[in-house]
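Engineer: Sending over a structure as structure tokens; questions will come in a sec.
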Amino acid sequence: GGERLALPVELLDASGKVLQHVTTKAGTADLNDMPALKVKTGATYWLEVTRGGDSRRERVRFEKAGDVTRDLAWDIFGRPTTGLVEVKEWLALLPEERHLSVPEGALTREDAAAARELIWQAVRPEIAERRKAELDARVVKAAGVELKYLEKAFGEAPQGGPSLWISMHGGGQTHSRINDRAWRGQFQAYAPEEGIMVAPRAPTDTWNLWHQGHIDALFDRLIGSFVAARGVNPDRVYLMGSSAGGDGVYQLAPRMADRFAAAAMMAGHPNNANPLGLRNLPFMILMGERDAAYNRNKVAVAWGEKLGALREADAAGYQHKVIIYEGLGHSMKGRDREALPWMAARTRDPWPKRVVWHQSGRTHERFYWLALAEGSAKPGQTVRAAVDG
């Protein structure tokens with residue numbers, strides 16, 4: 001109503017932790033005499049204002065450095081749009097009822113962020129409860145098959161949640177006992193400084209253990225379950241594999257690049273995989289110089305050259321590193337463990353400004369912030385998209 005109000009204001013970080021307190025000025029105070037808060041550019045905060053017994057909160061973000069004046073009007077500050085009210089009413093329904101009345105309409109930028117947070121806080125415990133039995137049994141069920149896994153936690157989880165490491169074993173078209181031995185060996189081979197190491201057992205005993213179509217659905221469910229129930233940071237999920245597991249990394253990393261922060265391929269062969277989808281996924285290749293079966297060593301070098309050419313044409317993408325160990329064969333004698341700190345230093349960007357989406361024989365209907373109409377994905381299709389602003 002135009003009246004200046006002296007009210008307490010708190011600055012909170014994105015998680016709701018109070019960072020600073022100030023009080024606005026009113027009455028005869030100079031209009032240029034106003035409280036100041038120090039913020040970081042590009043970071044998201046909450047401003048919370050209290051008047052009487054009513055506290056209102058609004059999300060804010062400052063994109064540019066320098067002094068910024070923010071005028072707040074109590075009558076509209078922190079008030080949700082009609083759309084956000086509908087979201088809250090929708091979440092109050094039973095989960096099985098929500099499909100009957102999905103909210104429609106527009107949201108402000110601030111309310112969209114608030115709606116996303118409200119939905120996640122409501123849905124996360126529901127997902128965790130539904131998948132509790134799977135997690136207790138250490139088995140994932142999707143696409144009509146089951147995936148057993150071993151897990152072990154390392155270090156102390158940082159703020160934001162622990163990382164998740166998916167480590168795929170070797171083996172292939174052989175007796176299940178041999179693949180079981182490779183599975184348990186893979187579980188013991190690598191130890192990150194921090195995070196949850198998960199060693200899945202391939203559902204089949206075929207040569208293409210890790211790049212059959214059901215693996216994508218299984219890994220998607222595995223990651224979702226650990227994020228919802230174990231608090232894993234979805235931007236710190238890592239993929240690695242040795243031998244036939246390395247084959248899987250070559251194949252899965254490009255087609256599921258939007259799920260991972262980094263990937264490391266050890267002693268594998270790409271078969272028909274295409275690196276185009278790795279535009280936003282740091283990718284490491286580790287290979288013994290004498291690992292000549294199926295020309296793995298030569299193909300590793302050739303893939304490094306492909307990634308180098310892609311990087312040269314797109315300097316902001318296709319981050320990669322290739323290590324060929326002189327004098328070593330299929331076994332790299334543990335030297336490939338150096339992949340873990342390289343990977344751990346990288347974090348996923350879920351909203352990259354530029355996306356290259358290439359469909360393999362196993363198609364997907366979503367990738368980062370892109371989606372296709374159901375049934376319209378075609379093998380070999382490539383979509384290039386960019387955001388300006």
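Residues are referred to by chain and number: the chain letter is A, B, ... according to the order shown in the structure tokens, the number counts from 1 in that chain, and ligands are numbered separately from 1 in the order shown.
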Would you tabulate, counting only C-alpha atoms, all residues of stretch 292-357 of chain A that have an atom at most 10 Å from an atom of stretch 185-203 of chain A, showing the closest pair of atoms and their distance in Å to one decimal, sorted by chain then ascending number, as JSON lines?

Structural biologist:
```
{"residue": "A:Gly334", "atom": "CA", "partner": "A:Ala189", "partner_atom": "CA", "distance": 7.7}
{"residue": "A:Asp336", "atom": "CA", "partner": "A:Tyr190", "partner_atom": "CA", "distance": 9.2}
{"residue": "A:Arg337", "atom": "CA", "partner": "A:Tyr190", "partner_atom": "CA", "distance": 6.5}
{"residue": "A:Glu338", "atom": "CA", "partner": "A:Tyr190", "partner_atom": "CA", "distance": 9.8}
{"residue": "A:Ala339", "atom": "CA", "partner": "A:Tyr190", "partner_atom": "CA", "distance": 9.8}
{"residue": "A:Leu340", "atom": "CA", "partner": "A:Pro192", "partner_atom": "CA", "distance": 6.2}
{"residue": "A:Pro341", "atom": "CA", "partner": "A:Pro192", "partner_atom": "CA", "distance": 7.6}
{"residue": "A:Met343", "atom": "CA", "partner": "A:Pro192", "partner_atom": "CA", "distance": 9.8}
{"residue": "A:Ala344", "atom": "CA", "partner": "A:Pro192", "partner_atom": "CA", "distance": 8.1}
```

Engineer: Restrict the selected residues to N, CA, C and O atoms and save them as a compact mmCIF listing (two decimals), in the first residue's frame.

Structural biologist:
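New file selection-v4.txt:
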```txt
# COMPACT_ATOMS: atom_id res chain seq x y z
N GLY A 334 46.00 -53.17 -11.59
CA GLY A 334 45.53 -52.19 -10.63
C GLY A 334 45.86 -50.75 -10.95
O GLY A 334 45.39 -49.83 -10.26
N ASP A 336 44.77 -49.03 -13.31
CA ASP A 336 43.58 -48.32 -13.77
C ASP A 336 42.77 -47.70 -12.63
O ASP A 336 41.82 -46.96 -12.86
N ARG A 337 43.19 -47.97 -11.38
CA ARG A 337 42.50 -47.33 -10.25
C ARG A 337 42.65 -45.81 -10.26
O ARG A 337 41.91 -45.10 -9.59
N GLU A 338 43.61 -45.32 -11.02
CA GLU A 338 43.79 -43.86 -11.09
C GLU A 338 42.59 -43.17 -11.76
O GLU A 338 42.46 -41.94 -11.71
N ALA A 339 41.69 -43.96 -12.34
CA ALA A 339 40.49 -43.37 -12.93
C ALA A 339 39.58 -42.76 -11.86
O ALA A 339 38.89 -41.76 -12.11
N LEU A 340 39.57 -43.33 -10.66
CA LEU A 340 38.60 -42.93 -9.66
C LEU A 340 38.75 -41.47 -9.21
O LEU A 340 37.77 -40.74 -9.19
N PRO A 341 39.95 -41.00 -8.85
CA PRO A 341 40.05 -39.58 -8.49
C PRO A 341 39.75 -38.64 -9.65
O PRO A 341 39.21 -37.55 -9.46
N MET A 343 37.54 -39.19 -11.99
CA MET A 343 36.09 -39.16 -12.08
C MET A 343 35.48 -38.35 -10.93
O MET A 343 34.57 -37.54 -11.14
N ALA A 344 35.97 -38.60 -9.72
CA ALA A 344 35.39 -37.97 -8.53
C ALA A 344 35.48 -36.45 -8.58
O ALA A 344 34.69 -35.76 -7.93
```

Engineer: Pick out each residue of stretch 123-372 of chain A that DSSP on the backbone tags as helix (DSSP H, G or I); I need them as JSON, numbers by chain.

Structural biologist: {"A": [123, 124, 125, 126, 127, 128, 129, 130, 132, 133, 134, 135, 136, 137, 176, 177, 178, 179, 180, 181, 182, 183, 184, 185, 186, 187, 188, 189, 213, 214, 215, 216, 217, 218, 219, 220, 221, 222, 223, 224, 225, 226, 227, 228, 229, 230, 244, 245, 246, 247, 248, 249, 250, 251, 252, 253, 254, 255, 257, 258, 259, 275, 276, 277, 278, 279, 280, 293, 294, 295, 296, 297, 298, 299, 300, 301, 302, 303, 304, 305, 306, 307, 308, 309, 310, 311, 312, 313, 335, 336, 337, 338, 339, 340, 341, 342, 343, 344]}

Engineer: Write the residues you've just listed into a file as an mmCIF file, in the first residue's frame, and include C-alpha atoms for each of them.

Structural biologist:
```
data_model
loop_
_atom_site.group_PDB
_atom_site.id
_atom_site.type_symbol
_atom_site.label_atom_id
_atom_site.label_comp_id
_atom_site.auth_asym_id
_atom_site.auth_seq_id
_atom_site.Cartn_x
_atom_site.Cartn_y
_atom_site.Cartn_z
ATOM 1 C CA VAL A 123 7.352 -38.211 -4.005
ATOM 2 C CA ARG A 124 10.771 -39.148 -2.599
ATOM 3 C CA PRO A 125 9.480 -41.027 0.491
ATOM 4 C CA GLU A 126 6.819 -42.702 -1.647
ATOM 5 C CA ILE A 127 9.487 -44.036 -4.036
ATOM 6 C CA ALA A 128 11.691 -45.110 -1.121
ATOM 7 C CA GLU A 129 8.836 -47.031 0.485
ATOM 8 C CA ARG A 130 7.859 -48.788 -2.741
ATOM 9 C CA LYS A 132 12.418 -50.790 0.178
ATOM 10 C CA ALA A 133 12.043 -54.532 -0.395
ATOM 11 C CA GLU A 134 14.321 -54.396 -3.456
ATOM 12 C CA LEU A 135 16.985 -52.440 -1.600
ATOM 13 C CA ASP A 136 16.826 -54.723 1.428
ATOM 14 C CA ALA A 137 17.293 -57.742 -0.852
ATOM 15 C CA SER A 176 27.757 -68.660 -14.592
ATOM 16 C CA ARG A 177 30.374 -69.636 -11.985
ATOM 17 C CA ILE A 178 33.044 -67.797 -13.959
ATOM 18 C CA ASN A 179 30.893 -64.680 -14.258
ATOM 19 C CA ASP A 180 30.100 -64.899 -10.539
ATOM 20 C CA ARG A 181 33.830 -64.950 -9.783
ATOM 21 C CA ALA A 182 34.390 -61.923 -12.045
ATOM 22 C CA TRP A 183 31.495 -60.153 -10.290
ATOM 23 C CA ARG A 184 32.957 -60.615 -6.815
ATOM 24 C CA GLY A 185 36.422 -59.691 -8.062
ATOM 25 C CA GLN A 186 35.075 -56.469 -9.564
ATOM 26 C CA PHE A 187 33.500 -55.579 -6.222
ATOM 27 C CA GLN A 188 36.888 -55.887 -4.498
ATOM 28 C CA ALA A 189 38.946 -54.156 -7.196
ATOM 29 C CA GLY A 213 18.338 -53.288 -23.809
ATOM 30 C CA HIS A 214 17.182 -54.214 -20.307
ATOM 31 C CA ILE A 215 20.344 -52.802 -18.687
ATOM 32 C CA ASP A 216 19.244 -49.191 -19.306
ATOM 33 C CA ALA A 217 15.976 -49.704 -17.432
ATOM 34 C CA LEU A 218 17.717 -51.583 -14.615
ATOM 35 C CA PHE A 219 20.355 -48.884 -14.112
ATOM 36 C CA ASP A 220 17.762 -46.128 -14.299
ATOM 37 C CA ARG A 221 15.800 -47.830 -11.510
ATOM 38 C CA LEU A 222 18.961 -48.556 -9.503
ATOM 39 C CA ILE A 223 20.025 -44.904 -9.597
ATOM 40 C CA GLY A 224 16.521 -43.659 -8.789
ATOM 41 C CA SER A 225 16.238 -46.002 -5.807
ATOM 42 C CA PHE A 226 19.580 -44.922 -4.342
ATOM 43 C CA VAL A 227 18.744 -41.236 -4.829
ATOM 44 C CA ALA A 228 15.319 -41.573 -3.202
ATOM 45 C CA ALA A 229 16.115 -44.023 -0.413
ATOM 46 C CA ARG A 230 19.827 -43.531 0.314
ATOM 47 C CA ALA A 244 33.066 -57.046 -20.864
ATOM 48 C CA GLY A 245 32.119 -54.368 -18.316
ATOM 49 C CA GLY A 246 34.254 -51.985 -20.365
ATOM 50 C CA ASP A 247 32.237 -52.996 -23.424
ATOM 51 C CA GLY A 248 29.200 -51.900 -21.438
ATOM 52 C CA VAL A 249 30.715 -48.507 -20.588
ATOM 53 C CA TYR A 250 31.414 -47.826 -24.266
ATOM 54 C CA GLN A 251 27.761 -48.581 -25.058
ATOM 55 C CA LEU A 252 25.840 -47.308 -22.028
ATOM 56 C CA ALA A 253 27.710 -44.061 -21.359
ATOM 57 C CA PRO A 254 26.691 -42.328 -24.633
ATOM 58 C CA ARG A 255 23.070 -43.446 -24.489
ATOM 59 C CA ALA A 257 25.039 -39.765 -20.513
ATOM 60 C CA ASP A 258 22.430 -37.614 -18.753
ATOM 61 C CA ARG A 259 22.548 -39.935 -15.708
ATOM 62 C CA PRO A 275 30.687 -41.374 -29.011
ATOM 63 C CA LEU A 276 28.413 -38.486 -30.109
ATOM 64 C CA GLY A 277 26.278 -38.644 -26.954
ATOM 65 C CA LEU A 278 29.329 -38.040 -24.730
ATOM 66 C CA ARG A 279 29.255 -34.293 -25.369
ATOM 67 C CA ASN A 280 28.534 -33.513 -21.685
ATOM 68 C CA ALA A 293 42.462 -59.428 -28.524
ATOM 69 C CA TYR A 294 39.729 -58.069 -30.810
ATOM 70 C CA ASN A 295 42.162 -55.140 -31.439
ATOM 71 C CA ARG A 296 41.064 -53.584 -28.131
ATOM 72 C CA ASN A 297 44.311 -51.597 -27.884
ATOM 73 C CA LYS A 298 44.054 -50.160 -31.389
ATOM 74 C CA VAL A 299 40.360 -49.394 -31.019
ATOM 75 C CA ALA A 300 41.015 -47.572 -27.726
ATOM 76 C CA VAL A 301 43.499 -45.301 -29.467
ATOM 77 C CA ALA A 302 41.075 -44.763 -32.368
ATOM 78 C CA TRP A 303 38.274 -43.828 -29.961
ATOM 79 C CA GLY A 304 40.603 -41.365 -28.258
ATOM 80 C CA GLU A 305 41.240 -39.795 -31.657
ATOM 81 C CA LYS A 306 37.484 -39.600 -32.358
ATOM 82 C CA LEU A 307 36.900 -37.859 -29.036
ATOM 83 C CA GLY A 308 39.822 -35.541 -29.746
ATOM 84 C CA ALA A 309 38.302 -34.535 -33.075
ATOM 85 C CA LEU A 310 34.915 -33.927 -31.450
ATOM 86 C CA ARG A 311 36.578 -31.853 -28.742
ATOM 87 C CA GLU A 312 38.471 -29.799 -31.315
ATOM 88 C CA ALA A 313 35.186 -28.956 -33.073
ATOM 89 C CA ARG A 335 47.004 -49.142 -12.341
ATOM 90 C CA ASP A 336 43.581 -48.316 -13.774
ATOM 91 C CA ARG A 337 42.495 -47.331 -10.247
ATOM 92 C CA GLU A 338 43.788 -43.863 -11.092
ATOM 93 C CA ALA A 339 40.485 -43.368 -12.927
ATOM 94 C CA LEU A 340 38.598 -42.928 -9.655
ATOM 95 C CA PRO A 341 40.049 -39.580 -8.490
ATOM 96 C CA TRP A 342 39.766 -38.234 -12.048
ATOM 97 C CA MET A 343 36.087 -39.155 -12.082
ATOM 98 C CA ALA A 344 35.387 -37.974 -8.531
#
```

Engineer: For A:Ser15, which residue out of A:Lys40, A:Arg384, A:Arg59, A:Lys152 is the nearest one, using only C-alpha atoms?

Structural biologist: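 Residue with the minimum atom-to-atom distance to A:Ser15: A:Arg59.
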
Engineer: Could you check the closest approach to A:Gly389 for each of A:Glu10, A:Pro352, A:Arg290, A:Ala371 and tell me which residue wins, using only C-alpha atoms?

Structural biologist: A:Pro352

Engineer: Write out as an NGL selection string each polymer residue whose atoms come within 9 Å of A:Gln381, counting only C-alpha atoms; drop sequence neighbours fewer than 3 positions from it.

Structural biologist: :A and (357-360 or 377-378)

Engineer: Write out, as a PDB file, in the first residue's frame, the residues just selected, with all heavy atoms.

Structural biologist:
```
ATOM      1  N   TRP A 357      22.307 -35.562 -28.865  1.00  0.00           N
ATOM      2  CA  TRP A 357      21.579 -36.781 -28.509  1.00  0.00           C
ATOM      3  C   TRP A 357      21.583 -37.715 -29.720  1.00  0.00           C
ATOM      4  O   TRP A 357      20.926 -37.456 -30.727  1.00  0.00           O
ATOM      5  CB  TRP A 357      20.167 -36.412 -28.110  1.00  0.00           C
ATOM      6  CG  TRP A 357      19.292 -37.540 -27.659  1.00  0.00           C
ATOM      7  CD1 TRP A 357      19.648 -38.833 -27.410  1.00  0.00           C
ATOM      8  CD2 TRP A 357      17.889 -37.452 -27.397  1.00  0.00           C
ATOM      9  NE1 TRP A 357      18.560 -39.567 -27.000  1.00  0.00           N
ATOM     10  CE2 TRP A 357      17.468 -38.740 -26.981  1.00  0.00           C
ATOM     11  CE3 TRP A 357      16.947 -36.422 -27.463  1.00  0.00           C
ATOM     12  CZ2 TRP A 357      16.142 -39.019 -26.648  1.00  0.00           C
ATOM     13  CZ3 TRP A 357      15.632 -36.689 -27.126  1.00  0.00           C
ATOM     14  CH2 TRP A 357      15.236 -37.973 -26.726  1.00  0.00           C
ATOM     15  N   HIS A 358      22.336 -38.806 -29.620  1.00  0.00           N
ATOM     16  CA  HIS A 358      22.393 -39.790 -30.701  1.00  0.00           C
ATOM     17  C   HIS A 358      21.757 -41.092 -30.233  1.00  0.00           C
ATOM     18  O   HIS A 358      22.109 -41.628 -29.189  1.00  0.00           O
ATOM     19  CB  HIS A 358      23.844 -40.057 -31.119  1.00  0.00           C
ATOM     20  CG  HIS A 358      23.978 -41.074 -32.206  1.00  0.00           C
ATOM     21  ND1 HIS A 358      23.758 -40.772 -33.533  1.00  0.00           N
ATOM     22  CD2 HIS A 358      24.275 -42.398 -32.162  1.00  0.00           C
ATOM     23  CE1 HIS A 358      23.924 -41.859 -34.261  1.00  0.00           C
ATOM     24  NE2 HIS A 358      24.236 -42.864 -33.452  1.00  0.00           N
ATOM     25  N   GLN A 359      20.802 -41.588 -31.012  1.00  0.00           N
ATOM     26  CA  GLN A 359      20.114 -42.826 -30.665  1.00  0.00           C
ATOM     27  C   GLN A 359      20.894 -44.037 -31.174  1.00  0.00           C
ATOM     28  O   GLN A 359      21.260 -44.112 -32.345  1.00  0.00           O
ATOM     29  CB  GLN A 359      18.706 -42.845 -31.285  1.00  0.00           C
ATOM     30  CG  GLN A 359      17.787 -41.747 -30.811  1.00  0.00           C
ATOM     31  CD  GLN A 359      17.167 -42.037 -29.440  1.00  0.00           C
ATOM     32  OE1 GLN A 359      17.552 -42.979 -28.762  1.00  0.00           O
ATOM     33  NE2 GLN A 359      16.210 -41.208 -29.052  1.00  0.00           N
ATOM     34  N   SER A 360      21.153 -44.973 -30.280  1.00  0.00           N
ATOM     35  CA  SER A 360      21.741 -46.246 -30.686  1.00  0.00           C
ATOM     36  C   SER A 360      20.614 -47.194 -31.073  1.00  0.00           C
ATOM     37  O   SER A 360      19.462 -46.785 -31.244  1.00  0.00           O
ATOM     38  CB  SER A 360      22.547 -46.832 -29.530  1.00  0.00           C
ATOM     39  OG  SER A 360      21.674 -47.228 -28.473  1.00  0.00           O
ATOM     40  N   ALA A 377      11.147 -42.312 -31.374  1.00  0.00           N
ATOM     41  CA  ALA A 377      12.606 -42.426 -31.426  1.00  0.00           C
ATOM     42  C   ALA A 377      13.025 -43.462 -32.465  1.00  0.00           C
ATOM     43  O   ALA A 377      12.422 -44.532 -32.573  1.00  0.00           O
ATOM     44  CB  ALA A 377      13.148 -42.812 -30.056  1.00  0.00           C
ATOM     45  N   LYS A 378      14.063 -43.134 -33.233  1.00  0.00           N
ATOM     46  CA  LYS A 378      14.524 -44.024 -34.297  1.00  0.00           C
ATOM     47  C   LYS A 378      16.021 -44.290 -34.139  1.00  0.00           C
ATOM     48  O   LYS A 378      16.795 -43.366 -33.876  1.00  0.00           O
ATOM     49  CB  LYS A 378      14.271 -43.402 -35.673  1.00  0.00           C
ATOM     50  CG  LYS A 378      12.807 -43.169 -35.992  1.00  0.00           C
ATOM     51  CD  LYS A 378      12.656 -42.527 -37.376  1.00  0.00           C
ATOM     52  CE  LYS A 378      11.184 -42.361 -37.746  1.00  0.00           C
ATOM     53  NZ  LYS A 378      10.463 -41.505 -36.787  1.00  0.00           N
TER      54      LYS A 378
END
```

Engineer: Could you please write out, as a ChimeraX atom specification, every residue of stretch 241-372 of chain A that DSSP assigns to strand (DSSP E)?

Structural biologist: /A:241-242,262-266,283-288,320-325,354-358,366-367,370-371

Engineer: Pull N, CA and C atoms from the residues just selected and write them as a PDB file, in the first residue's frame.

Structural biologist:
```
ATOM      1  N   GLY A 241      33.696 -49.954 -15.739  1.00  0.00           N
ATOM      2  CA  GLY A 241      33.615 -51.375 -16.015  1.00  0.00           C
ATOM      3  C   GLY A 241      34.880 -51.882 -16.668  1.00  0.00           C
ATOM      4  N   SER A 242      35.173 -53.171 -16.431  1.00  0.00           N
ATOM      5  CA  SER A 242      36.384 -53.800 -16.956  1.00  0.00           C
ATOM      6  C   SER A 242      36.036 -54.933 -17.907  1.00  0.00           C
ATOM      7  N   ALA A 262      30.634 -38.888 -14.712  1.00  0.00           N
ATOM      8  CA  ALA A 262      31.826 -39.284 -15.455  1.00  0.00           C
ATOM      9  C   ALA A 262      31.757 -40.786 -15.667  1.00  0.00           C
ATOM     10  N   ALA A 263      32.522 -41.277 -16.655  1.00  0.00           N
ATOM     11  CA  ALA A 263      32.557 -42.707 -16.941  1.00  0.00           C
ATOM     12  C   ALA A 263      33.994 -43.116 -17.256  1.00  0.00           C
ATOM     13  N   ALA A 264      34.351 -44.353 -16.887  1.00  0.00           N
ATOM     14  CA  ALA A 264      35.698 -44.874 -17.161  1.00  0.00           C
ATOM     15  C   ALA A 264      35.582 -46.261 -17.768  1.00  0.00           C
ATOM     16  N   MET A 265      36.168 -46.429 -18.951  1.00  0.00           N
ATOM     17  CA  MET A 265      36.163 -47.690 -19.671  1.00  0.00           C
ATOM     18  C   MET A 265      37.525 -48.362 -19.491  1.00  0.00           C
ATOM     19  N   MET A 266      37.526 -49.578 -18.949  1.00  0.00           N
ATOM     20  CA  MET A 266      38.757 -50.322 -18.736  1.00  0.00           C
ATOM     21  C   MET A 266      38.760 -51.600 -19.580  1.00  0.00           C
ATOM     22  N   PHE A 283      34.797 -38.658 -20.159  1.00  0.00           N
ATOM     23  CA  PHE A 283      34.952 -40.071 -20.491  1.00  0.00           C
ATOM     24  C   PHE A 283      36.429 -40.437 -20.481  1.00  0.00           C
ATOM     25  N   MET A 284      36.753 -41.514 -19.765  1.00  0.00           N
ATOM     26  CA  MET A 284      38.136 -41.951 -19.639  1.00  0.00           C
ATOM     27  C   MET A 284      38.292 -43.332 -20.273  1.00  0.00           C
ATOM     28  N   ILE A 285      39.393 -43.527 -20.993  1.00  0.00           N
ATOM     29  CA  ILE A 285      39.730 -44.816 -21.610  1.00  0.00           C
ATOM     30  C   ILE A 285      41.051 -45.290 -21.019  1.00  0.00           C
ATOM     31  N   LEU A 286      41.060 -46.512 -20.444  1.00  0.00           N
ATOM     32  CA  LEU A 286      42.279 -47.086 -19.875  1.00  0.00           C
ATOM     33  C   LEU A 286      42.497 -48.456 -20.503  1.00  0.00           C
ATOM     34  N   MET A 287      43.696 -48.679 -21.042  1.00  0.00           N
ATOM     35  CA  MET A 287      43.929 -49.874 -21.837  1.00  0.00           C
ATOM     36  C   MET A 287      45.393 -50.297 -21.749  1.00  0.00           C
ATOM     37  N   GLY A 288      45.644 -51.610 -21.706  1.00  0.00           N
ATOM     38  CA  GLY A 288      47.001 -52.127 -21.785  1.00  0.00           C
ATOM     39  C   GLY A 288      47.514 -52.092 -23.211  1.00  0.00           C
ATOM     40  N   HIS A 320      37.755 -35.673 -22.154  1.00  0.00           N
ATOM     41  CA  HIS A 320      38.158 -37.070 -22.123  1.00  0.00           C
ATOM     42  C   HIS A 320      39.631 -37.206 -21.755  1.00  0.00           C
ATOM     43  N   LYS A 321      39.997 -38.429 -21.415  1.00  0.00           N
ATOM     44  CA  LYS A 321      41.398 -38.739 -21.118  1.00  0.00           C
ATOM     45  C   LYS A 321      41.640 -40.187 -21.517  1.00  0.00           C
ATOM     46  N   VAL A 322      42.746 -40.431 -22.224  1.00  0.00           N
ATOM     47  CA  VAL A 322      43.106 -41.776 -22.688  1.00  0.00           C
ATOM     48  C   VAL A 322      44.457 -42.151 -22.104  1.00  0.00           C
ATOM     49  N   ILE A 323      44.535 -43.310 -21.458  1.00  0.00           N
ATOM     50  CA  ILE A 323      45.801 -43.803 -20.908  1.00  0.00           C
ATOM     51  C   ILE A 323      46.052 -45.204 -21.463  1.00  0.00           C
ATOM     52  N   ILE A 324      47.151 -45.379 -22.162  1.00  0.00           N
ATOM     53  CA  ILE A 324      47.585 -46.677 -22.669  1.00  0.00           C
ATOM     54  C   ILE A 324      48.802 -47.095 -21.838  1.00  0.00           C
ATOM     55  N   TYR A 325      48.686 -48.195 -21.093  1.00  0.00           N
ATOM     56  CA  TYR A 325      49.757 -48.616 -20.197  1.00  0.00           C
ATOM     57  C   TYR A 325      50.790 -49.446 -20.951  1.00  0.00           C
ATOM     58  N   ARG A 354      24.172 -26.992 -24.194  1.00  0.00           N
ATOM     59  CA  ARG A 354      24.182 -27.635 -25.512  1.00  0.00           C
ATOM     60  C   ARG A 354      24.114 -29.144 -25.324  1.00  0.00           C
ATOM     61  N   VAL A 355      23.283 -29.804 -26.124  1.00  0.00           N
ATOM     62  CA  VAL A 355      23.072 -31.240 -26.011  1.00  0.00           C
ATOM     63  C   VAL A 355      23.210 -31.882 -27.391  1.00  0.00           C
ATOM     64  N   VAL A 356      23.926 -33.006 -27.440  1.00  0.00           N
ATOM     65  CA  VAL A 356      23.974 -33.833 -28.647  1.00  0.00           C
ATOM     66  C   VAL A 356      23.418 -35.200 -28.263  1.00  0.00           C
ATOM     67  N   TRP A 357      22.307 -35.562 -28.865  1.00  0.00           N
ATOM     68  CA  TRP A 357      21.579 -36.781 -28.509  1.00  0.00           C
ATOM     69  C   TRP A 357      21.583 -37.715 -29.720  1.00  0.00           C
ATOM     70  N   HIS A 358      22.336 -38.806 -29.620  1.00  0.00           N
ATOM     71  CA  HIS A 358      22.393 -39.790 -30.701  1.00  0.00           C
ATOM     72  C   HIS A 358      21.757 -41.092 -30.233  1.00  0.00           C
ATOM     73  N   ARG A 366      13.904 -39.733 -23.671  1.00  0.00           N
ATOM     74  CA  ARG A 366      14.302 -38.477 -23.028  1.00  0.00           C
ATOM     75  C   ARG A 366      15.813 -38.482 -22.827  1.00  0.00           C
ATOM     76  N   PHE A 367      16.388 -37.262 -22.813  1.00  0.00           N
ATOM     77  CA  PHE A 367      17.840 -37.104 -22.682  1.00  0.00           C
ATOM     78  C   PHE A 367      18.083 -35.674 -22.225  1.00  0.00           C
ATOM     79  N   LEU A 370      15.608 -32.767 -23.080  1.00  0.00           N
ATOM     80  CA  LEU A 370      14.903 -33.041 -24.329  1.00  0.00           C
ATOM     81  C   LEU A 370      14.006 -34.266 -24.169  1.00  0.00           C
ATOM     82  N   ALA A 371      12.923 -34.305 -24.913  1.00  0.00           N
ATOM     83  CA  ALA A 371      12.050 -35.476 -24.927  1.00  0.00           C
ATOM     84  C   ALA A 371      11.451 -35.647 -26.312  1.00  0.00           C
TER      85      ALA A 371
END
```

Engineer: Go ahead and compute the interatomic distance for atom CA of A:Tyr45 and atom CA of A:Thr347, in Å to one decimal.

Structural biologist: 21.1 Å

Engineer: Write out as a ChimeraX atom specification the residues lying within 8 Å of stretch 75-80 of chain A, counting only C-alpha atoms and excluding same-chain residues fewer than 6 positions away.

Structural biologist: /A:1,56-58,111

Engineer: Please write the residues from the selection above to a file, keeping N, CA and C atoms, as an mmCIF file, in the first residue's frame.

Structural biologist:
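Final file, part_32.cif:
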```
data_model
loop_
_atom_site.group_PDB
_atom_site.id
_atom_site.type_symbol
_atom_site.label_atom_id
_atom_site.label_comp_id
_atom_site.auth_asym_id
_atom_site.auth_seq_id
_atom_site.Cartn_x
_atom_site.Cartn_y
_atom_site.Cartn_z
ATOM 1 N N GLY A 1 0.785 -1.215 0.000
ATOM 2 C CA GLY A 1 0.000 0.000 0.000
ATOM 3 C C GLY A 1 0.814 1.259 0.000
ATOM 4 N N ARG A 56 6.694 -14.926 5.248
ATOM 5 C CA ARG A 56 6.575 -15.236 3.827
ATOM 6 C C ARG A 56 7.968 -15.389 3.230
ATOM 7 N N ARG A 57 8.094 -16.335 2.336
ATOM 8 C CA ARG A 57 9.395 -16.669 1.767
ATOM 9 C C ARG A 57 9.321 -16.685 0.250
ATOM 10 N N GLU A 58 10.384 -16.195 -0.396
ATOM 11 C CA GLU A 58 10.428 -16.176 -1.858
ATOM 12 C C GLU A 58 11.839 -16.514 -2.315
ATOM 13 N N ASP A 111 7.849 -19.837 -8.420
ATOM 14 C CA ASP A 111 6.899 -20.871 -8.036
ATOM 15 C C ASP A 111 7.196 -22.201 -8.725
#
```

Engineer: Rank nothing, just name the residue among A:Pro95, A:Gly380, A:Gly27, A:Gly155 nearest to A:Ala122, using only C-alpha atoms.

Structural biologist: A:Pro95
